[in-house]
>>> print(open('run.txt').read())   # compact mmCIF, C-alpha atoms and all ligand atoms
# COMPACT_ATOMS: atom_id res chain seq x y z
CA MET A 1 0.00 0.00 0.00
CA SER A 2 1.35 3.43 -0.86
CA PRO A 3 1.82 5.97 1.94
CA ALA A 4 -0.96 8.11 0.40
CA GLN A 5 -3.37 5.16 0.37
CA HIS A 6 -2.41 4.45 3.97
CA ARG A 7 -3.09 8.04 4.96
CA ALA A 8 -6.46 8.01 3.21
CA LEU A 9 -7.35 4.74 4.92
CA ASP A 10 -6.42 6.12 8.34
CA ALA A 11 -8.14 9.45 7.79
CA LEU A 12 -11.34 8.39 6.02
CA LEU A 13 -12.12 4.79 6.95
CA PRO A 14 -13.41 5.80 10.40
CA THR A 15 -16.06 8.04 8.80
CA LEU A 16 -16.66 6.54 5.35
CA GLY A 17 -16.05 2.89 6.25
CA ILE A 18 -18.86 0.71 7.52
CA PRO A 19 -17.64 -2.18 9.66
CA PHE A 20 -18.90 -5.62 8.74
CA ALA A 21 -21.62 -6.79 11.09
CA PRO A 22 -24.06 -9.64 10.57
CA VAL A 23 -27.10 -7.38 10.81
CA PRO A 24 -29.02 -5.45 8.12
CA ILE A 25 -27.51 -2.06 7.53
CA ASP A 26 -29.52 1.15 7.88
CA LEU A 27 -28.50 2.73 4.58
CA ASP A 28 -30.23 6.06 5.26
CA ARG A 29 -28.21 6.36 8.42
CA ALA A 30 -24.96 5.23 6.79
CA PHE A 31 -25.25 7.86 4.05
CA GLY A 32 -26.98 10.51 6.16
CA ARG A 33 -29.77 10.92 3.65
CA ARG A 34 -32.39 9.05 1.65
CA ALA A 35 -31.30 8.43 -1.96
CA PRO A 36 -31.15 5.69 -4.60
CA ARG A 37 -28.33 3.26 -3.78
CA VAL A 38 -25.89 1.35 -5.92
CA LEU A 39 -23.72 -1.49 -4.66
CA GLU A 40 -20.37 -2.02 -6.34
CA ILE A 41 -18.61 -5.30 -5.67
CA GLY A 42 -14.84 -5.68 -6.02
CA PHE A 43 -14.09 -2.08 -6.97
CA GLY A 44 -10.33 -2.71 -7.18
CA MET A 45 -8.53 0.63 -6.97
CA GLY A 46 -11.86 2.46 -7.18
CA GLU A 47 -11.31 4.42 -10.40
CA THR A 48 -14.70 3.44 -11.78
CA THR A 49 -16.54 3.86 -8.49
CA ALA A 50 -15.22 7.37 -7.97
CA ALA A 51 -15.81 8.38 -11.59
CA ILE A 52 -19.42 7.16 -11.59
CA ALA A 53 -20.18 8.55 -8.11
CA ARG A 54 -18.90 11.91 -9.26
CA THR A 55 -21.24 12.03 -12.23
CA ARG A 56 -24.24 10.87 -10.16
CA PRO A 57 -24.25 13.05 -7.02
CA ASP A 58 -27.91 12.26 -6.33
CA ASP A 59 -27.18 8.54 -5.98
CA ASP A 60 -25.26 6.83 -3.18
CA PHE A 61 -22.55 4.24 -3.85
CA LEU A 62 -21.65 1.46 -1.46
CA GLY A 63 -18.38 -0.19 -2.46
CA VAL A 64 -17.38 -3.58 -1.10
CA GLU A 65 -13.79 -4.74 -1.55
CA VAL A 66 -11.49 -7.10 0.33
CA HIS A 67 -8.19 -5.63 -0.86
CA ALA A 68 -6.95 -2.99 1.64
CA PRO A 69 -4.77 -1.01 -0.83
CA GLY A 70 -7.82 -0.76 -3.11
CA VAL A 71 -9.91 0.58 -0.25
CA GLY A 72 -7.16 3.11 0.51
CA SER A 73 -7.02 4.07 -3.16
CA LEU A 74 -10.78 4.65 -3.42
CA LEU A 75 -10.83 6.66 -0.19
CA LYS A 76 -7.97 8.77 -1.49
CA ARG A 77 -9.97 9.57 -4.64
CA VAL A 78 -13.09 10.26 -2.62
CA GLY A 79 -11.15 12.69 -0.44
CA GLU A 80 -9.51 14.41 -3.39
CA LEU A 81 -12.80 14.78 -5.25
CA GLY A 82 -14.73 15.74 -2.13
CA LEU A 83 -17.37 13.08 -2.80
CA THR A 84 -20.01 12.68 -0.12
CA ASN A 85 -21.97 9.84 -1.74
CA VAL A 86 -19.53 6.94 -1.30
CA ARG A 87 -19.24 4.49 1.61
CA VAL A 88 -17.00 1.44 1.82
CA ILE A 89 -17.14 -1.95 3.45
CA ARG A 90 -13.83 -3.83 3.55
CA HIS A 91 -15.10 -7.37 3.64
CA ASP A 92 -16.16 -10.35 1.52
CA ALA A 93 -19.08 -9.21 -0.63
CA VAL A 94 -20.83 -12.58 -0.40
CA GLU A 95 -21.08 -12.22 3.37
CA VAL A 96 -21.96 -8.53 3.15
CA VAL A 97 -24.84 -9.14 0.74
CA ALA A 98 -26.20 -12.08 2.73
CA ALA A 99 -26.02 -10.38 6.12
CA MET A 100 -26.18 -6.64 5.64
CA ILE A 101 -28.06 -5.62 2.49
CA PRO A 102 -31.84 -5.51 2.92
CA PRO A 103 -34.13 -6.92 0.20
CA ALA A 104 -35.25 -4.49 -2.53
CA SER A 105 -32.92 -1.75 -1.27
CA LEU A 106 -30.73 -1.10 -4.33
CA VAL A 107 -31.32 0.59 -7.68
CA GLY A 108 -28.18 -1.01 -9.05
CA VAL A 109 -25.44 -3.56 -8.55
CA GLN A 110 -22.17 -3.21 -10.42
CA VAL A 111 -19.53 -5.94 -10.76
CA PHE A 112 -16.78 -4.85 -13.08
CA PHE A 113 -14.11 -7.35 -14.07
CA PRO A 114 -14.68 -9.94 -11.36
CA ASP A 115 -11.66 -12.22 -10.85
CA PRO A 116 -11.86 -14.66 -13.79
CA TRP A 117 -10.18 -17.68 -12.15
CA PRO A 118 -9.10 -18.92 -15.60
CA LYS A 119 -8.06 -22.45 -14.60
CA LYS A 120 -10.92 -24.88 -14.95
CA ARG A 121 -10.39 -26.36 -11.49
CA HIS A 122 -10.78 -22.86 -10.04
CA HIS A 123 -14.02 -22.01 -11.83
CA LYS A 124 -15.98 -22.83 -8.69
CA ARG A 125 -14.35 -19.82 -7.03
CA ARG A 126 -15.94 -17.46 -9.52
CA LEU A 127 -18.16 -14.94 -7.78
CA LEU A 128 -21.12 -14.89 -10.12
CA GLY A 129 -22.72 -18.27 -9.69
CA PRO A 130 -26.50 -18.89 -9.56
CA ALA A 131 -26.84 -18.65 -5.76
CA PHE A 132 -25.06 -15.31 -5.40
CA VAL A 133 -26.79 -13.85 -8.45
CA HIS A 134 -30.13 -14.78 -6.89
CA GLU A 135 -29.12 -13.02 -3.66
CA LEU A 136 -28.14 -9.93 -5.66
CA ALA A 137 -31.39 -9.95 -7.64
CA GLN A 138 -33.36 -10.02 -4.40
CA ARG A 139 -31.57 -6.88 -3.22
CA LEU A 140 -32.67 -4.91 -6.28
CA VAL A 141 -35.82 -2.83 -6.46
CA PRO A 142 -38.09 -3.58 -9.44
CA GLY A 143 -36.40 -2.11 -12.50
CA GLY A 144 -33.04 -1.97 -10.67
CA TYR A 145 -30.05 -3.02 -12.74
CA LEU A 146 -27.29 -5.60 -12.42
CA HIS A 147 -24.37 -4.53 -14.58
CA VAL A 148 -21.43 -6.87 -15.07
CA ALA A 149 -18.41 -6.41 -17.32
CA THR A 150 -15.71 -8.95 -18.06
CA ASP A 151 -13.00 -9.52 -20.62
CA TRP A 152 -12.92 -13.32 -20.19
CA GLU A 153 -15.02 -14.84 -22.93
CA ASP A 154 -15.86 -18.12 -21.21
CA TYR A 155 -16.76 -16.31 -17.97
CA ALA A 156 -18.87 -13.85 -19.98
CA GLN A 157 -20.77 -16.77 -21.53
CA GLU A 158 -21.16 -18.42 -18.13
CA ILE A 159 -22.49 -15.19 -16.57
CA LEU A 160 -24.87 -14.68 -19.48
CA ALA A 161 -26.27 -18.16 -18.86
CA VAL A 162 -26.52 -17.64 -15.09
CA LEU A 163 -28.24 -14.25 -15.35
CA GLY A 164 -30.51 -15.55 -18.11
CA ALA A 165 -31.62 -18.42 -15.88
CA GLU A 166 -32.42 -16.18 -12.89
CA PRO A 167 -36.21 -15.74 -12.77
CA LEU A 168 -36.01 -12.37 -10.98
CA LEU A 169 -33.97 -10.85 -13.81
CA ALA A 170 -34.62 -9.83 -17.41
CA ASN A 171 -31.96 -9.04 -19.97
CA THR A 172 -32.05 -5.43 -21.23
CA ALA A 173 -30.33 -6.51 -24.44
CA ALA A 174 -30.39 -9.47 -26.78
CA GLY A 175 -27.37 -11.21 -25.25
CA PHE A 176 -24.46 -8.92 -24.38
CA ALA A 177 -25.23 -5.22 -23.97
CA PRO A 178 -23.49 -2.28 -25.58
CA ARG A 179 -21.02 -0.72 -23.16
CA PRO A 180 -22.98 1.97 -21.25
CA ASP A 181 -21.40 5.43 -21.54
CA TYR A 182 -21.15 5.80 -17.79
CA ARG A 183 -18.63 2.99 -17.39
CA PRO A 184 -15.12 4.38 -17.80
CA LEU A 185 -12.17 2.27 -18.92
CA THR A 186 -10.24 0.67 -16.04
CA LYS A 187 -6.69 -0.60 -15.78
CA PHE A 188 -7.89 -4.21 -15.90
CA GLU A 189 -9.92 -3.50 -18.98
CA ALA A 190 -7.08 -1.75 -20.75
CA ARG A 191 -4.87 -4.73 -19.97
CA GLY A 192 -7.51 -7.13 -21.33
CA LEU A 193 -7.92 -5.11 -24.49
CA LYS A 194 -4.17 -5.12 -24.97
CA LEU A 195 -4.20 -8.90 -24.75
CA GLY A 196 -6.78 -8.93 -27.50
CA HIS A 197 -9.72 -9.87 -25.23
CA SER A 198 -13.08 -8.43 -26.10
CA VAL A 199 -14.94 -6.77 -23.26
CA ARG A 200 -18.49 -7.90 -22.61
CA ASP A 201 -21.08 -5.88 -20.74
CA LEU A 202 -24.16 -7.57 -19.32
CA VAL A 203 -27.03 -5.40 -18.13
CA PHE A 204 -30.02 -7.15 -16.61
CA CYS A 205 -32.82 -5.61 -14.59
CA ARG A 206 -35.09 -6.85 -11.90
CA ARG A 207 -38.54 -7.77 -13.15
CA ASP A 208 -41.51 -5.91 -11.67
CA ASP A 209 -43.80 -8.85 -11.48
CA THR A 210 -41.77 -10.88 -9.01
CA VAL A 211 -41.53 -8.51 -6.08
CA THR A 212 -44.04 -9.79 -3.61
CA GLU A 213 -43.69 -13.49 -4.20
CA ASN A 214 -39.89 -13.52 -4.09
CA ALA A 215 -38.72 -10.62 -1.98
CA GLY A 216 -36.67 -11.41 1.08
C1 LIG L 301 -9.98 -8.16 -11.33
S1 LIG L 301 -10.27 -7.03 -10.05
C2 LIG L 301 -11.30 -5.78 -10.81
C3 LIG L 301 -11.32 -4.49 -10.07
C4 LIG L 301 -12.19 -3.36 -10.61
N1 LIG L 301 -13.60 -3.69 -10.57
C5 LIG L 301 -11.79 -2.92 -11.99
O1 LIG L 301 -12.57 -3.07 -12.92
O2 LIG L 301 -10.67 -2.42 -12.14
C6 LIG L 301 -11.42 -7.90 -9.01
C7 LIG L 301 -11.55 -7.30 -7.63
O3 LIG L 301 -12.57 -7.99 -6.89
C8 LIG L 301 -12.15 -8.10 -5.55
N2 LIG L 301 -12.89 -9.22 -4.97
C9 LIG L 301 -12.82 -10.53 -5.34
N3 LIG L 301 -13.65 -11.28 -4.62
C10 LIG L 301 -14.28 -10.44 -3.76
C11 LIG L 301 -15.26 -10.63 -2.75
N4 LIG L 301 -15.77 -11.83 -2.48
N5 LIG L 301 -15.67 -9.54 -2.05
C12 LIG L 301 -15.17 -8.32 -2.32
N6 LIG L 301 -14.24 -8.08 -3.26
C13 LIG L 301 -13.80 -9.13 -3.98
C14 LIG L 301 -10.66 -8.30 -5.63
O4 LIG L 301 -10.00 -7.96 -4.42
C15 LIG L 301 -10.28 -7.38 -6.79
O5 LIG L 301 -9.95 -6.09 -6.34
>>> encode(input="run.txt", output="structure tokens")
Amino acid sequence: MSPAQHRALDALLPTLGIPFAPVPIDLDRAFGRRAPRVLEIGFGMGETTAAIARTRPDDDFLGVEVHAPGVGSLLKRVGELGLTNVRVIRHDAVEVVAAMIPPASLVGVQVFFPDPWPKKRHHKRRLLGPAFVHELAQRLVPGGYLHVATDWEDYAQEILAVLGAEPLLANTAAGFAPRPDYRPLTKFEARGLKLGHSVRDLVFCRRDDTVTENAG
């Protein structure tokens, strides 16, 4: 971790960090206001999170990341940009979603370039399997979006199949979606493009008609 990331972590985590606790989080209290909320999982160094949060000041962004230097890096950006609509949980997102995120509380979930675990024997470690996707879908309000991007073709196909099979979700595109303008290019993406990988965006939204029977 760089000294600047360390300083940002020390200075801002006490106010902008939310400690993991196995109880549902009061998001209005955490952000100090009532606003639409977006969860970003595995934000890496936080370039995308900060860039999107900056362009959407009326929405709140909850970033979950396990990697401490990444958390320091995002907090550094948040401090430099003076953003007030970002909070961070430094913990495993699977546990955070299960324990802390209330049903139908999010207008969006973003997962950009999840670890691809390219070796076949490691595929089971991939984040976006059917069970976790179902949990995420339950956290969305009707019409809320789940936006995933990846530059690993076989993972992209797998995610497309998983999201397509989730009854709470509907695809907003026929297959992969065009890259939405709001998603800036990240380091991981630039590296993927350099390696000749194509980048796939997947944008699904929560169906309206499934709220009461499946919420919770
Ligand atoms: C390949 S990086 C992509 C980072 C960033 N989204 C980007 O596009 O540059 C994947 C990130 O997900 C984080 N991650 C992986 N599994 C996670 C989990 N279960 N909970 C939270 N973060 C996770 C990793 O620490 C890593 O920073």
>>> closest_residue(input="run.txt", among="A:Val97, A:Leu140, A:Ile52, A:Val71", to="Ala21 in chain A", atoms="all atoms listed in the file")
A:Val97
>>> residues_around(input="run.txt", residues="Val203 in chain A", least_positions_apart="5", cutoff="9 Å", atoms="all atoms listed in the file", output="PyMOL selection string")
chain A and resi 145-149+170-173+176-178+180
>>> write_last_selection(input="run.txt", atoms="C-alpha atoms", output="PDB file, in the coordinates of the input")
ATOM      1  CA  TYR A 145     -30.050  -3.020 -12.740  1.00  0.00           C
ATOM      2  CA  LEU A 146     -27.290  -5.600 -12.420  1.00  0.00           C
ATOM      3  CA  HIS A 147     -24.370  -4.530 -14.580  1.00  0.00           C
ATOM      4  CA  VAL A 148     -21.430  -6.870 -15.070  1.00  0.00           C
ATOM      5  CA  ALA A 149     -18.410  -6.410 -17.320  1.00  0.00           C
ATOM      6  CA  ALA A 170     -34.620  -9.830 -17.410  1.00  0.00           C
ATOM      7  CA  ASN A 171     -31.960  -9.040 -19.970  1.00  0.00           C
ATOM      8  CA  THR A 172     -32.050  -5.430 -21.230  1.00  0.00           C
ATOM      9  CA  ALA A 173     -30.330  -6.510 -24.440  1.00  0.00           C
ATOM     10  CA  PHE A 176     -24.460  -8.920 -24.380  1.00  0.00           C
ATOM     11  CA  ALA A 177     -25.230  -5.220 -23.970  1.00  0.00           C
ATOM     12  CA  PRO A 178     -23.490  -2.280 -25.580  1.00  0.00           C
ATOM     13  CA  PRO A 180     -22.980   1.970 -21.250  1.00  0.00           C
TER      14      PRO A 180
END
>>> residues_near_ligand(input="run.txt", ligand="ligand LIG 301 (chain L)", cutoff="8 Å", atoms="only C-alpha atoms and all ligand atoms", output="PDB file with C-alpha atoms, keeping the file's coordinate frame")
ATOM      1  CA  ILE A  41     -18.610  -5.300  -5.670  1.00  0.00           C
ATOM      2  CA  GLY A  42     -14.840  -5.680  -6.020  1.00  0.00           C
ATOM      3  CA  PHE A  43     -14.090  -2.080  -6.970  1.00  0.00           C
ATOM      4  CA  GLY A  44     -10.330  -2.710  -7.180  1.00  0.00           C
ATOM      5  CA  MET A  45      -8.530   0.630  -6.970  1.00  0.00           C
ATOM      6  CA  GLY A  46     -11.860   2.460  -7.180  1.00  0.00           C
ATOM      7  CA  GLU A  47     -11.310   4.420 -10.400  1.00  0.00           C
ATOM      8  CA  THR A  48     -14.700   3.440 -11.780  1.00  0.00           C
ATOM      9  CA  VAL A  64     -17.380  -3.580  -1.100  1.00  0.00           C
ATOM     10  CA  GLU A  65     -13.790  -4.740  -1.550  1.00  0.00           C
ATOM     11  CA  VAL A  66     -11.490  -7.100   0.330  1.00  0.00           C
ATOM     12  CA  HIS A  67      -8.190  -5.630  -0.860  1.00  0.00           C
ATOM     13  CA  GLY A  70      -7.820  -0.760  -3.110  1.00  0.00           C
ATOM     14  CA  ARG A  90     -13.830  -3.830   3.550  1.00  0.00           C
ATOM     15  CA  HIS A  91     -15.100  -7.370   3.640  1.00  0.00           C
ATOM     16  CA  ASP A  92     -16.160 -10.350   1.520  1.00  0.00           C
ATOM     17  CA  ALA A  93     -19.080  -9.210  -0.630  1.00  0.00           C
ATOM     18  CA  VAL A  94     -20.830 -12.580  -0.400  1.00  0.00           C
ATOM     19  CA  GLU A  95     -21.080 -12.220   3.370  1.00  0.00           C
ATOM     20  CA  VAL A 111     -19.530  -5.940 -10.760  1.00  0.00           C
ATOM     21  CA  PHE A 112     -16.780  -4.850 -13.080  1.00  0.00           C
ATOM     22  CA  PHE A 113     -14.110  -7.350 -14.070  1.00  0.00           C
ATOM     23  CA  PRO A 114     -14.680  -9.940 -11.360  1.00  0.00           C
ATOM     24  CA  ASP A 115     -11.660 -12.220 -10.850  1.00  0.00           C
ATOM     25  CA  PRO A 116     -11.860 -14.660 -13.790  1.00  0.00           C
ATOM     26  CA  LEU A 127     -18.160 -14.940  -7.780  1.00  0.00           C
ATOM     27  CA  THR A 186     -10.240   0.670 -16.040  1.00  0.00           C
ATOM     28  CA  LYS A 187      -6.690  -0.600 -15.780  1.00  0.00           C
ATOM     29  CA  PHE A 188      -7.890  -4.210 -15.900  1.00  0.00           C
ATOM     30  CA  GLU A 189      -9.920  -3.500 -18.980  1.00  0.00           C
TER      31      GLU A 189
END
>>> atom_distance(input="run.txt", atom1="CA of Gly108 in chain A", atom2="CA of Phe31 in chain A")
16.1 Å
>>> atom_distance(input="run.txt", atom1="CA of Arg29 in chain A", atom2="CA of Ala53 in chain A")
18.5 Å
